[in-house]
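Have a look at final_37.cif; it's mmCIF, C-alpha atoms and all ligand atoms:
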data_entry
loop_
_atom_site.label_atom_id
_atom_site.label_comp_id
_atom_site.auth_asym_id
_atom_site.auth_seq_id
_atom_site.Cartn_x
_atom_site.Cartn_y
_atom_site.Cartn_z
CA MET Z 1 -24.53 4.80 -18.77
CA PRO Z 2 -23.13 3.05 -15.69
CA THR Z 3 -19.51 4.01 -15.08
CA LEU Z 4 -16.86 1.40 -14.39
CA VAL Z 5 -13.33 2.15 -13.17
CA MET Z 6 -10.58 -0.21 -14.38
CA LYS Z 7 -7.04 0.23 -13.05
CA PHE Z 8 -4.03 -1.44 -14.67
CA GLY Z 9 -0.84 -1.74 -12.61
CA GLY Z 10 2.72 -1.58 -13.90
CA THR Z 11 3.08 -5.21 -14.99
CA SER Z 12 -0.26 -5.01 -16.81
CA VAL Z 13 1.00 -2.17 -19.04
CA ALA Z 14 4.66 -3.23 -19.14
CA THR Z 15 4.82 -3.60 -22.94
CA LEU Z 16 2.81 -2.42 -25.95
CA ASP Z 17 1.49 -5.94 -26.25
CA ARG Z 18 0.20 -5.90 -22.67
CA ILE Z 19 -1.36 -2.49 -23.21
CA ARG Z 20 -3.19 -4.04 -26.17
CA ARG Z 21 -4.43 -6.91 -23.99
CA ALA Z 22 -5.61 -4.47 -21.35
CA ALA Z 23 -7.29 -2.31 -24.01
CA LYS Z 24 -9.20 -5.36 -25.27
CA ARG Z 25 -10.62 -5.89 -21.80
CA VAL Z 26 -11.64 -2.24 -21.71
CA GLY Z 27 -13.25 -2.62 -25.13
CA ARG Z 28 -15.30 -5.57 -23.86
CA GLU Z 29 -16.66 -3.47 -20.98
CA VAL Z 30 -17.57 -0.70 -23.42
CA ALA Z 31 -19.40 -3.30 -25.53
CA ASN Z 32 -21.20 -4.36 -22.31
CA GLY Z 33 -22.62 -0.85 -22.12
CA HIS Z 34 -20.29 0.87 -19.67
CA ASP Z 35 -18.63 4.23 -19.76
CA VAL Z 36 -15.13 3.35 -18.58
CA ILE Z 37 -12.54 5.32 -16.66
CA VAL Z 38 -9.17 3.63 -17.03
CA ILE Z 39 -6.45 4.46 -14.53
CA VAL Z 40 -2.95 3.47 -15.60
CA SER Z 41 0.34 3.03 -13.76
CA ALA Z 42 3.72 3.57 -15.36
CA MET Z 43 5.26 0.59 -17.16
CA SER Z 44 6.70 -1.73 -14.53
CA GLY Z 45 10.16 -0.69 -13.35
CA LYS Z 46 9.75 2.82 -14.81
CA THR Z 47 8.94 4.61 -11.55
CA ASN Z 48 11.91 2.92 -9.83
CA GLU Z 49 14.16 4.08 -12.65
CA LEU Z 50 12.86 7.66 -12.38
CA VAL Z 51 13.28 7.69 -8.58
CA GLY Z 52 16.85 6.40 -9.08
CA TRP Z 53 17.63 9.24 -11.49
CA VAL Z 54 16.32 11.81 -9.02
CA GLU Z 55 18.34 10.38 -6.12
CA GLU Z 56 21.50 10.20 -8.22
CA THR Z 57 21.09 13.79 -9.36
CA SER Z 58 20.23 15.21 -5.95
CA PRO Z 59 20.38 13.06 -2.78
CA MET Z 60 18.52 15.70 -0.70
CA PHE Z 61 16.12 16.38 -3.59
CA ASP Z 62 13.44 19.07 -3.75
CA ALA Z 63 10.21 17.06 -3.54
CA ARG Z 64 8.49 19.32 -6.09
CA GLU Z 65 11.04 18.33 -8.73
CA TYR Z 66 10.88 14.68 -7.61
CA ASP Z 67 7.17 14.80 -8.42
CA ALA Z 68 7.81 16.48 -11.77
CA VAL Z 69 10.09 13.60 -12.73
CA VAL Z 70 8.39 10.53 -11.24
CA SER Z 71 4.90 11.45 -12.47
CA SER Z 72 6.08 11.23 -16.09
CA GLY Z 73 5.82 7.43 -16.36
CA GLU Z 74 2.03 7.44 -16.05
CA GLN Z 75 1.67 10.13 -18.68
CA VAL Z 76 3.33 7.85 -21.25
CA THR Z 77 1.06 4.87 -20.56
CA ALA Z 78 -2.08 7.05 -20.48
CA GLY Z 79 -1.36 8.37 -23.97
CA LEU Z 80 -0.41 4.93 -25.30
CA MET Z 81 -3.57 3.36 -23.85
CA ALA Z 82 -5.76 6.06 -25.45
CA LEU Z 83 -4.02 5.54 -28.81
CA THR Z 84 -4.41 1.75 -28.56
CA LEU Z 85 -8.12 2.11 -27.85
CA GLN Z 86 -8.53 4.52 -30.76
CA GLU Z 87 -6.83 1.96 -33.03
CA MET Z 88 -9.55 -0.46 -31.93
CA ASP Z 89 -12.22 2.10 -32.84
CA VAL Z 90 -13.08 2.76 -29.20
CA PRO Z 91 -13.48 6.54 -28.68
CA ALA Z 92 -10.92 7.36 -25.97
CA ARG Z 93 -9.04 10.37 -24.63
CA SER Z 94 -6.22 10.66 -22.07
CA TRP Z 95 -5.90 13.00 -19.09
CA ALA Z 96 -2.89 13.87 -16.98
CA GLY Z 97 -3.78 14.50 -13.33
CA TRP Z 98 -3.64 18.30 -13.69
CA GLN Z 99 -6.00 18.24 -16.68
CA VAL Z 100 -8.84 16.57 -14.77
CA PRO Z 101 -7.91 18.37 -12.49
CA LEU Z 102 -7.28 15.94 -9.63
CA LYS Z 103 -6.72 18.41 -6.81
CA THR Z 104 -4.42 17.45 -3.92
CA ASN Z 105 -2.79 19.19 -0.99
CA SER Z 106 0.85 20.34 -1.24
CA ALA Z 107 2.46 17.34 0.49
CA HIS Z 108 4.75 16.49 -2.42
CA ALA Z 109 5.59 12.79 -2.87
CA ALA Z 110 2.81 11.84 -0.42
CA ALA Z 111 -0.03 14.14 -1.45
CA ARG Z 112 -3.63 13.57 -0.38
CA ILE Z 113 -6.52 13.95 -2.79
CA GLU Z 114 -8.85 16.84 -1.98
CA GLU Z 115 -11.25 16.95 -4.89
CA ILE Z 116 -11.96 15.41 -8.30
CA PRO Z 117 -14.28 17.64 -10.35
CA THR Z 118 -16.21 15.46 -12.81
CA GLU Z 119 -17.26 18.15 -15.33
CA ASN Z 120 -14.44 17.88 -17.88
CA ILE Z 121 -14.62 14.13 -18.22
CA ASN Z 122 -18.43 13.98 -18.10
CA ALA Z 123 -18.61 16.58 -20.87
CA LYS Z 124 -16.55 14.27 -23.07
CA PHE Z 125 -18.69 11.25 -22.17
CA ALA Z 126 -21.73 13.35 -23.19
CA GLU Z 127 -20.07 13.96 -26.58
CA GLY Z 128 -19.73 10.22 -27.19
CA MET Z 129 -16.30 9.44 -25.77
CA LYS Z 130 -16.44 5.94 -24.25
CA VAL Z 131 -13.18 5.74 -22.31
CA ALA Z 132 -11.36 8.34 -20.23
CA VAL Z 133 -7.80 7.20 -19.64
CA VAL Z 134 -6.32 8.94 -16.61
CA ALA Z 135 -2.69 8.90 -15.51
CA GLY Z 136 -2.63 7.40 -12.02
CA PHE Z 137 -0.54 8.48 -9.03
CA GLN Z 138 -0.58 12.22 -9.82
CA GLY Z 139 -2.49 15.41 -9.17
CA ILE Z 140 -2.06 19.16 -8.88
CA SER Z 141 -1.36 21.20 -5.75
CA PRO Z 142 -3.08 24.48 -4.81
CA GLU Z 143 0.13 26.15 -6.02
CA GLY Z 144 -0.41 24.63 -9.47
CA ARG Z 145 2.46 22.13 -9.30
CA ILE Z 146 2.33 18.41 -10.12
CA THR Z 147 2.08 16.20 -7.03
CA THR Z 148 2.28 12.43 -6.56
CA LEU Z 149 0.37 10.27 -4.09
CA GLY Z 150 3.13 8.04 -2.71
CA ARG Z 151 4.33 4.70 -4.10
CA GLY Z 152 1.52 2.47 -5.24
CA GLY Z 153 -0.70 5.56 -5.49
CA SER Z 154 -2.50 4.61 -8.70
CA ASP Z 155 -4.72 2.32 -6.62
CA THR Z 156 -5.81 5.39 -4.68
CA THR Z 157 -6.40 7.36 -7.88
CA ALA Z 158 -8.66 4.54 -9.08
CA VAL Z 159 -10.76 4.34 -5.91
CA ALA Z 160 -11.04 8.12 -5.70
CA PHE Z 161 -12.37 8.23 -9.28
CA ALA Z 162 -14.82 5.44 -8.51
CA ALA Z 163 -16.12 7.48 -5.57
CA ALA Z 164 -16.24 10.78 -7.49
CA PHE Z 165 -18.07 9.26 -10.50
CA ASP Z 166 -20.26 6.97 -8.39
CA ALA Z 167 -18.94 3.99 -10.36
CA ILE Z 168 -20.63 0.62 -10.14
CA ARG Z 169 -17.26 -0.96 -9.27
CA CYS Z 170 -13.52 -0.33 -9.16
CA ASP Z 171 -11.56 -3.20 -10.70
CA ILE Z 172 -7.85 -3.32 -9.89
CA TYR Z 173 -6.06 -5.42 -12.52
CA THR Z 174 -2.68 -6.70 -11.38
CA ASP Z 175 -0.21 -9.59 -11.73
CA VAL Z 176 -1.95 -11.85 -9.18
CA ASP Z 177 -5.54 -13.04 -9.47
CA GLY Z 178 -6.67 -11.56 -6.17
CA VAL Z 179 -5.80 -10.95 -2.54
CA TYR Z 180 -4.15 -13.99 -0.96
CA THR Z 181 -3.73 -15.16 2.62
CA THR Z 182 -0.15 -13.95 2.23
CA ASP Z 183 2.10 -12.85 -0.63
CA PRO Z 184 2.03 -15.85 -3.01
CA ARG Z 185 5.69 -15.19 -3.74
CA ILE Z 186 6.58 -16.31 -0.20
CA THR Z 187 4.63 -19.56 -0.03
CA SER Z 188 2.89 -21.65 -2.66
CA LYS Z 189 0.37 -22.58 0.03
CA ALA Z 190 -1.04 -19.04 -0.03
CA ARG Z 191 -4.75 -19.19 -0.88
CA LYS Z 192 -6.78 -16.68 -2.84
CA LEU Z 193 -9.62 -15.15 -0.86
CA ASP Z 194 -12.98 -14.67 -2.59
CA LYS Z 195 -13.82 -11.84 -0.20
CA ILE Z 196 -11.95 -9.84 2.41
CA ALA Z 197 -13.32 -7.25 4.82
CA PHE Z 198 -12.24 -3.61 4.44
CA GLU Z 199 -10.80 -3.59 7.97
CA GLU Z 200 -8.65 -6.65 7.29
CA MET Z 201 -7.45 -5.35 3.94
CA LEU Z 202 -6.62 -2.02 5.54
CA GLU Z 203 -4.44 -3.72 8.17
CA LEU Z 204 -2.78 -6.07 5.67
CA ALA Z 205 -1.98 -3.15 3.35
CA SER Z 206 -0.61 -0.94 6.08
CA LEU Z 207 1.45 -3.83 7.49
CA GLY Z 208 3.18 -4.45 4.18
CA ALA Z 209 0.94 -6.33 1.69
CA LYS Z 210 1.52 -4.09 -1.30
CA VAL Z 211 -1.28 -5.50 -3.47
CA LEU Z 212 -3.33 -2.37 -2.62
CA GLN Z 213 -2.10 1.00 -1.37
CA THR Z 214 -3.41 1.60 2.16
CA ARG Z 215 -5.06 4.92 1.24
CA SER Z 216 -7.05 3.24 -1.50
CA VAL Z 217 -8.60 0.84 1.00
CA GLU Z 218 -9.37 3.70 3.39
CA LEU Z 219 -11.17 5.60 0.63
CA ALA Z 220 -13.09 2.53 -0.56
CA MET Z 221 -14.26 1.90 2.99
CA ARG Z 222 -15.30 5.51 3.54
CA PHE Z 223 -17.12 5.94 0.23
CA LYS Z 224 -18.45 2.36 0.04
CA VAL Z 225 -16.76 1.64 -3.27
CA ARG Z 226 -17.10 -1.93 -4.54
CA LEU Z 227 -13.44 -2.80 -4.88
CA ARG Z 228 -12.21 -5.87 -6.70
CA VAL Z 229 -8.67 -7.17 -7.28
CA LEU Z 230 -8.12 -9.44 -10.27
CA SER Z 231 -5.59 -10.65 -12.80
CA SER Z 232 -4.92 -8.89 -16.07
CA PHE Z 233 -3.33 -12.06 -17.43
CA GLU Z 234 -6.21 -14.47 -17.03
CA ASP Z 235 -9.71 -14.53 -18.36
CA ASN Z 236 -11.99 -13.53 -15.55
CA ASP Z 237 -15.64 -14.38 -15.08
CA ASP Z 238 -18.05 -12.20 -13.12
CA ASN Z 239 -17.00 -13.69 -9.79
CA ALA Z 240 -13.28 -13.62 -10.44
CA GLY Z 241 -10.70 -12.09 -8.17
CA THR Z 242 -11.22 -10.87 -4.62
CA LEU Z 243 -13.98 -8.53 -3.54
CA VAL Z 244 -12.99 -6.13 -0.76
CA CYS Z 245 -16.26 -5.54 1.06
CA ALA Z 246 -18.02 -4.83 4.34
CA GLU Z 247 -17.63 -7.35 7.14
CA GLU Z 248 -21.40 -8.06 7.06
CA ASP Z 249 -21.12 -9.32 3.48
CA ILE Z 250 -18.84 -12.20 4.48
CA MET Z 251 -20.58 -15.26 5.84
CA GLU Z 252 -17.74 -17.32 7.20
CA SER Z 253 -14.07 -16.55 7.61
CA ASN Z 254 -10.99 -17.84 9.41
CA VAL Z 255 -10.00 -16.26 12.72
CA VAL Z 256 -6.80 -15.14 11.01
CA ALA Z 257 -7.41 -13.81 7.50
CA GLY Z 258 -3.82 -13.30 6.45
CA VAL Z 259 -0.15 -12.79 7.23
CA ALA Z 260 1.65 -9.61 6.18
CA PHE Z 261 5.31 -8.71 6.40
CA SER Z 262 7.46 -5.68 6.03
CA ARG Z 263 11.08 -6.31 5.16
CA ASP Z 264 12.70 -2.92 5.55
CA GLU Z 265 12.37 -2.26 9.25
CA ALA Z 266 14.91 -1.14 11.84
CA LYS Z 267 14.98 -1.07 15.62
CA MET Z 268 16.59 1.55 17.85
CA THR Z 269 17.18 1.46 21.57
CA LEU Z 270 18.12 4.39 23.77
CA LEU Z 271 19.98 2.88 26.72
CA SER Z 272 19.62 4.36 30.19
CA VAL Z 273 17.32 7.35 29.77
CA ALA Z 274 15.89 9.07 32.85
CA ASP Z 275 12.51 7.52 33.74
CA ARG Z 276 10.56 10.72 34.41
CA PRO Z 277 7.27 12.27 33.32
CA GLY Z 278 7.70 13.72 29.85
CA ILE Z 279 10.53 11.45 28.71
CA ALA Z 280 8.47 9.84 25.94
CA ALA Z 281 7.42 13.26 24.66
CA ALA Z 282 11.06 14.41 24.78
CA ILE Z 283 12.14 11.45 22.64
CA PHE Z 284 9.27 11.08 20.18
CA GLY Z 285 8.66 14.81 19.68
CA PRO Z 286 12.03 15.38 17.95
CA LEU Z 287 11.58 12.15 15.96
CA ALA Z 288 8.20 13.36 14.69
CA ASP Z 289 9.70 16.76 13.87
CA ALA Z 290 12.34 14.96 11.80
CA SER Z 291 9.52 13.08 9.95
CA VAL Z 292 10.56 9.70 11.33
CA ASN Z 293 7.65 7.24 11.14
CA VAL Z 294 7.94 5.50 14.50
CA ASP Z 295 5.87 2.34 14.62
CA MET Z 296 6.29 0.00 17.60
CA ILE Z 297 7.41 1.35 21.00
CA VAL Z 298 8.54 -0.49 24.12
CA GLN Z 299 9.70 1.01 27.38
CA ASN Z 300 11.64 -1.46 29.47
CA ILE Z 301 11.52 -1.94 33.24
CA SER Z 302 13.03 0.93 35.12
CA GLU Z 303 15.86 0.51 37.59
CA ASP Z 304 17.35 3.28 39.73
CA GLY Z 305 15.29 5.82 37.85
CA ARG Z 306 16.76 4.83 34.46
CA THR Z 307 15.06 2.90 31.68
CA ASP Z 308 15.66 1.73 28.09
CA MET Z 309 13.37 2.87 25.29
CA THR Z 310 13.06 0.79 22.12
CA PHE Z 311 11.20 1.72 18.93
CA SER Z 312 10.97 0.59 15.32
CA LEU Z 313 11.17 2.70 12.18
CA PRO Z 314 11.69 2.25 8.41
CA VAL Z 315 15.27 1.29 7.68
CA ASN Z 316 15.83 4.25 5.33
CA GLN Z 317 15.06 6.71 8.16
CA ILE Z 318 17.87 5.55 10.47
CA ALA Z 319 20.22 8.44 9.66
CA ARG Z 320 17.48 11.02 10.25
CA ALA Z 321 16.48 9.39 13.55
CA GLU Z 322 20.05 9.13 14.83
CA LYS Z 323 20.64 12.79 14.05
CA ALA Z 324 17.41 13.80 15.81
CA MET Z 325 18.42 11.83 18.93
CA ASP Z 326 22.01 13.14 18.95
CA ASP Z 327 20.74 16.72 18.56
CA ALA Z 328 18.23 16.22 21.40
CA LYS Z 329 21.03 14.89 23.59
CA ALA Z 330 23.35 17.78 22.70
CA SER Z 331 20.67 20.32 23.60
CA GLY Z 332 20.07 18.58 26.95
CA GLU Z 333 16.44 17.61 26.20
CA ILE Z 334 17.21 13.95 26.75
CA ASN Z 335 20.11 11.96 28.10
CA PHE Z 336 21.05 8.41 27.19
CA SER Z 337 24.22 6.35 27.59
CA GLN Z 338 24.11 4.75 24.16
CA LEU Z 339 22.00 4.55 20.99
CA VAL Z 340 21.90 1.00 19.62
CA THR Z 341 20.60 0.48 16.08
CA ASP Z 342 19.61 -2.86 14.55
CA ALA Z 343 19.10 -2.44 10.80
CA ASP Z 344 18.34 -6.11 10.07
CA VAL Z 345 14.82 -6.70 11.32
CA ALA Z 346 11.48 -7.43 9.68
CA LYS Z 347 7.94 -7.10 10.93
CA ILE Z 348 5.52 -10.02 10.64
CA SER Z 349 1.82 -9.54 11.38
CA VAL Z 350 -1.24 -11.74 11.56
CA VAL Z 351 -4.56 -10.04 10.82
CA GLY Z 352 -8.16 -11.10 11.27
CA ILE Z 353 -11.44 -9.63 12.53
CA GLY Z 354 -12.14 -13.03 14.13
CA MET Z 355 -9.45 -12.15 16.69
CA ARG Z 356 -11.94 -9.80 18.36
CA SER Z 357 -13.85 -12.79 19.68
CA HIS Z 358 -11.13 -15.46 19.83
CA ALA Z 359 -8.53 -15.70 22.58
CA GLY Z 360 -5.26 -17.54 22.09
CA VAL Z 361 -4.13 -16.24 18.71
CA ALA Z 362 -1.11 -14.49 20.23
CA SER Z 363 0.08 -17.53 22.15
CA GLN Z 364 -0.35 -19.73 19.08
CA MET Z 365 1.69 -17.25 17.07
CA PHE Z 366 4.48 -17.11 19.67
CA LYS Z 367 4.62 -20.92 19.92
CA ALA Z 368 4.91 -21.31 16.16
CA LEU Z 369 7.84 -18.89 16.12
CA ARG Z 370 9.44 -20.60 19.12
CA ASP Z 371 9.20 -23.98 17.35
CA GLU Z 372 11.24 -22.52 14.49
CA GLY Z 373 13.78 -21.08 16.95
CA ILE Z 374 12.87 -17.50 15.96
CA ASN Z 375 13.42 -14.88 18.65
CA ILE Z 376 10.81 -12.12 19.02
CA LYS Z 377 12.30 -8.67 19.61
CA VAL Z 378 9.23 -6.45 19.93
CA ILE Z 379 5.49 -7.21 20.06
CA THR Z 380 2.48 -4.97 19.47
CA THR Z 381 -1.17 -5.85 19.30
CA SER Z 382 -4.45 -4.22 18.41
CA GLU Z 383 -7.99 -5.55 18.26
CA ILE Z 384 -7.53 -7.35 14.94
CA LYS Z 385 -3.76 -7.77 14.54
CA ILE Z 386 -0.59 -8.93 16.25
CA SER Z 387 2.80 -7.79 14.98
CA VAL Z 388 6.27 -8.96 15.95
CA LEU Z 389 9.72 -7.76 15.04
CA ILE Z 390 12.24 -10.52 14.24
CA ASP Z 391 15.64 -10.90 12.54
CA ARG Z 392 15.14 -10.27 8.83
CA LYS Z 393 16.86 -13.51 7.81
CA TYR Z 394 13.96 -15.48 9.33
CA MET Z 395 11.23 -13.49 7.60
CA GLU Z 396 10.17 -16.05 4.97
CA LEU Z 397 10.41 -18.89 7.48
CA ALA Z 398 8.21 -17.02 9.95
CA VAL Z 399 5.56 -16.23 7.33
CA GLN Z 400 5.46 -19.89 6.26
CA ALA Z 401 5.30 -21.15 9.85
CA LEU Z 402 2.42 -18.80 10.71
CA HIS Z 403 0.58 -19.64 7.51
CA ASP Z 404 0.84 -23.33 8.52
CA THR Z 405 -0.05 -22.92 12.17
CA PHE Z 406 -3.24 -20.96 11.41
CA GLU Z 407 -4.06 -23.38 8.55
CA LEU Z 408 -4.62 -20.54 6.13
CA HIS Z 409 -4.48 -22.90 3.15
CA LYS Z 410 -7.87 -24.23 4.30
CA THR Z 411 -11.17 -22.40 3.92
CA ALA Z 412 -13.21 -21.66 7.04
P1 LIG Z 501 0.68 -3.39 -9.51
O1 LIG Z 501 1.92 -3.04 -10.26
O2 LIG Z 501 -0.35 -4.07 -10.38
O3 LIG Z 501 0.12 -2.25 -8.73
P2 LIG Z 501 1.92 -4.47 -7.13
O4 LIG Z 501 3.26 -5.05 -7.36
O5 LIG Z 501 1.85 -3.13 -6.53
O6 LIG Z 501 1.10 -4.55 -8.50
O7 LIG Z 501 1.05 -5.46 -6.21
C1 LIG Z 501 0.89 -6.82 -6.58
C2 LIG Z 501 1.87 -7.68 -5.78
O8 LIG Z 501 1.52 -7.65 -4.40
C3 LIG Z 501 1.83 -9.16 -6.10
O9 LIG Z 501 2.65 -9.47 -7.20
C4 LIG Z 501 2.29 -9.82 -4.81
O10 LIG Z 501 3.64 -10.22 -4.86
C5 LIG Z 501 2.17 -8.71 -3.77
N1 LIG Z 501 1.41 -9.11 -2.58
C6 LIG Z 501 1.80 -8.92 -1.30
N2 LIG Z 501 0.91 -9.43 -0.45
C7 LIG Z 501 -0.08 -9.95 -1.18
C8 LIG Z 501 -1.31 -10.62 -0.85
N3 LIG Z 501 -1.68 -10.84 0.43
N4 LIG Z 501 -2.10 -11.04 -1.86
C9 LIG Z 501 -1.75 -10.82 -3.14
N5 LIG Z 501 -0.60 -10.20 -3.51
C10 LIG Z 501 0.23 -9.77 -2.55
N1 LIG Z 502 3.95 3.99 -10.69
C1 LIG Z 502 3.78 4.31 -9.29
C2 LIG Z 502 4.62 3.39 -8.43
O1 LIG Z 502 5.29 2.51 -8.95
C3 LIG Z 502 2.34 4.30 -8.85
C4 LIG Z 502 1.64 2.98 -9.02
O2 LIG Z 502 2.01 2.20 -9.90
O3 LIG Z 502 0.67 2.74 -8.30
O4 LIG Z 502 4.66 3.56 -7.24
MG MG Z 503 0.65 -1.44 -6.83
#
As structure tokens:
Amino acid sequence: MPTLVMKFGGTSVATLDRIRRAAKRVGREVANGHDVIVIVSAMSGKTNELVGWVEETSPMFDAREYDAVVSSGEQVTAGLMALTLQEMDVPARSWAGWQVPLKTNSAHAAARIEEIPTENINAKFAEGMKVAVVAGFQGISPEGRITTLGRGGSDTTAVAFAAAFDAIRCDIYTDVDGVYTTDPRITSKARKLDKIAFEEMLELASLGAKVLQTRSVELAMRFKVRLRVLSSFEDNDDNAGTLVCAEEDIMESNVVAGVAFSRDEAKMTLLSVADRPGIAAAIFGPLADASVNVDMIVQNISEDGRTDMTFSLPVNQIARAEKAMDDAKASGEINFSQLVTDADVAKISVVGIGMRSHAGVASQMFKALRDEGINIKVITTSEIKISVLIDRKYMELAVQALHDTFELHKTA
């Protein structure tokens, strides 16, 4: 029997009624002759509630206990989905991550999948079970404790199962009917893409488009999983949704495929640090040790042997970064006159593999922002993306302006 992986996100299992709708879809695939592995998220809002409880109980929480708590939401929906399928006379059984067992490393709250043995589930398929319902987002560490894969991690569970079971496809059911040129919540002009290249999806995801977790795209690319994003609320035909696929499988595409944004960014500047060999290592070493995820970096022009160093980081890591810098100053590793923090910035990025062979995308981007009177604070580029840091209050405006200037509402 060909195996199909179907993943249902939080909004798609938010109520018993929605679980029933999702189960009907699964039943149809079973009737089509598939063995199905269903990956479920927690009911929407549940994981946020659980994270809130953990933070309220213990602000500097032990990540092992965080995982024990936040993994529970998926266990509920896995059991309910299996029961719903059984009520429809579809032979189904649920698995928590540890029962599979989905083996991860010990990086609690951000664990990486190491192995998914297929024996337990395949034995059940051999006995006539038609659907294995697996709790997404969770696994088990070498120490035997529950781990979680980071927010949005059920996407990664789904792709990893598709790879392990050599599935014909991995369908990600969500509350939008595919991957759009930008988040459809920001502009009604956003257009659904029929196909998007792995590389582009990887950039969009890592630059803030939360429709797929970045790791899931990485895994799909590495293991050549056919990955599709589609709506759990609409009836889909065979070509519905967006196929995430190899670049070669896309005939024609726009130079810019999409615009991504990340709201919760911050910018820090160390004023007047000594411009000497090793200064960057002296600054970014302690930040890395404090687990600060530094993203963009700019070193300004040096005058009289002093320079300013600016970098961006997630807004919720400001306290950790400030402490790391103050400690490094106190120990004499670095010296700066002042540490200036701007907690109200957002990152906007344009992404497209067409940028490899097209000049002028950056200048068009900067002009569009200039025309809206939006000041650019930091710029970074790579082969297929350009990112800028701007004041957060202009974020929506910037996304809309860039969507317009690159005419993303039009097909190539
Ligand atoms: P799920 O709970 O199903 O995992 P998520 O909320 O994680 O769903 O992801 C779906 C959401 O991603 C959409 O509701 C949409 O607002 C957002 N999103 C951001 N960027 C994009 C994009 N480029 N295309 C589609 N959706 C996007
Ligand atoms: N429930 C988890 C979260 O909200 C995992 C997921 O839904 O992908 O992050
Ligand atoms: Mg998600």
Counting all atoms listed in the file, what are the residues, protein, DNA or RNA alike, that approach ligand LIG 501 (chain Z) to within 8 Å? I want them as a ChimeraX atom specification. /Z:8-12,41,44,152,154-155,172-185,192,204-205,208-213,258-260
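Going from CA of Phe125 in chain Z to CA of Glu218 in chain Z covers 28.2 Å.
The point (-14.6, 7.9, -23.6) has these residues within 10 Å of it when all atoms listed in the file are used: Val30, His34, Asp35, Val36, Ile37, Val38, Ala82, Leu85, Gln86, Val90, Pro91, Ala92, Arg93, Ser94, Ile121, Asn122, Ala123, Lys124, Phe125, Ala126, Glu127, Gly128, Met129, Lys130, Val131, Ala132 and Val133 of chain Z.
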Have a look at CA of Val51 in chain Z and CA of Gly150 in chain Z and let me know their distance in Å, one decimal. 11.7 Å
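Here CA of Phe311 in chain Z stands at a distance of 5.7 Å from CA of Lys267 in chain Z.
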With all atoms listed in the file as the counted atoms, please give the residues lying no more than 8 Å from Thr104 in chain Z, apart from itself and same-chain residues fewer than 5 positions off, as a PDB file with C-alpha atoms, in the coordinates of the input.
ATOM      1  CA  ALA Z 111      -0.030  14.140  -1.450  1.00  0.00           C
ATOM      2  CA  ARG Z 112      -3.630  13.570  -0.380  1.00  0.00           C
ATOM      3  CA  ILE Z 113      -6.520  13.950  -2.790  1.00  0.00           C
ATOM      4  CA  GLU Z 114      -8.850  16.840  -1.980  1.00  0.00           C
ATOM      5  CA  GLU Z 115     -11.250  16.950  -4.890  1.00  0.00           C
ATOM      6  CA  GLY Z 139      -2.490  15.410  -9.170  1.00  0.00           C
ATOM      7  CA  ILE Z 140      -2.060  19.160  -8.880  1.00  0.00           C
ATOM      8  CA  SER Z 141      -1.360  21.200  -5.750  1.00  0.00           C
ATOM      9  CA  PRO Z 142      -3.080  24.480  -4.810  1.00  0.00           C
ATOM     10  CA  THR Z 147       2.080  16.200  -7.030  1.00  0.00           C
TER      11      THR Z 147
END
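The smallest atom-to-atom distance between ligand MG 503 (chain Z) and any of Z:Val351, Z:Leu207, Z:Leu369, Z:Val40, using only C-alpha atoms and all ligand atoms, is found for Z:Val40.
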Just checking: using all atoms listed in the file, which residue out of Z:Gly285, Z:Gly241, Z:Gly79, Z:Gly73 ends up closest to ligand LIG 502 (chain Z)? Z:Gly73
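If all atoms listed in the file are the atoms counted, then among Z:Lys323, Z:Thr269, Z:Gln400, Z:Glu199 the closest residue to Ser337 in chain Z is Z:Thr269.
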Which polymer residues have any atom within 10 Å of an atom of range 371-377 of chain Z, counting only C-alpha atoms, with same-chain residues fewer than 3 positions away left out, as a ChimeraX atom specification? /Z:267,310,345,347,366-368,387-391,393-395,397-398,401
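Checking Z:Thr157, Z:Ser262, Z:Gln338, Z:Ser302 one by one against ligand MG 503 (chain Z), counting all atoms listed in the file, you find the shortest gap at Z:Thr157.
With only the atoms specified (only C-alpha atoms) counting, those residues at most 9 Å away from (-5.2, -9.6, 23.5) are Met355, Arg356, Ala359, Gly360, Val361, Ala362, Thr381, Ser382, Glu383 and Ile386 of chain Z.
Using all atoms listed in the file, the nearest neighbour of Gly354 in chain Z within the list Z:Pro277, Z:Ile384, Z:Ala63, Z:Met88 is Z:Ile384.
Proximity of Z:Met81, Z:Val315, Z:Leu4, Z:Gly136 to ligand LIG 502 (chain Z), computed with all atoms listed in the file, is greatest for Z:Gly136.
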Nearby residues (all atoms listed in the file) at most 9 Å from Ile334 in chain Z, same-chain spacing under 3 positions excluded, as JSON, numbers by chain: {"Z": [273, 274, 279, 282, 283, 325, 328, 329, 330, 331]}
For the residues selected in the previous step, produce a file with C-alpha atoms as a short mmCIF file (atom, residue, chain, number, x, y, z; two decimals), keeping the file's coordinate frame.
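Here's the written file result-v4.cif:
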data_model
loop_
_atom_site.label_atom_id
_atom_site.label_comp_id
_atom_site.auth_asym_id
_atom_site.auth_seq_id
_atom_site.Cartn_x
_atom_site.Cartn_y
_atom_site.Cartn_z
CA VAL Z 273 17.32 7.35 29.77
CA ALA Z 274 15.89 9.07 32.85
CA ILE Z 279 10.53 11.45 28.71
CA ALA Z 282 11.06 14.41 24.78
CA ILE Z 283 12.14 11.45 22.64
CA MET Z 325 18.42 11.83 18.93
CA ALA Z 328 18.23 16.22 21.40
CA LYS Z 329 21.03 14.89 23.59
CA ALA Z 330 23.35 17.78 22.70
CA SER Z 331 20.67 20.32 23.60
#
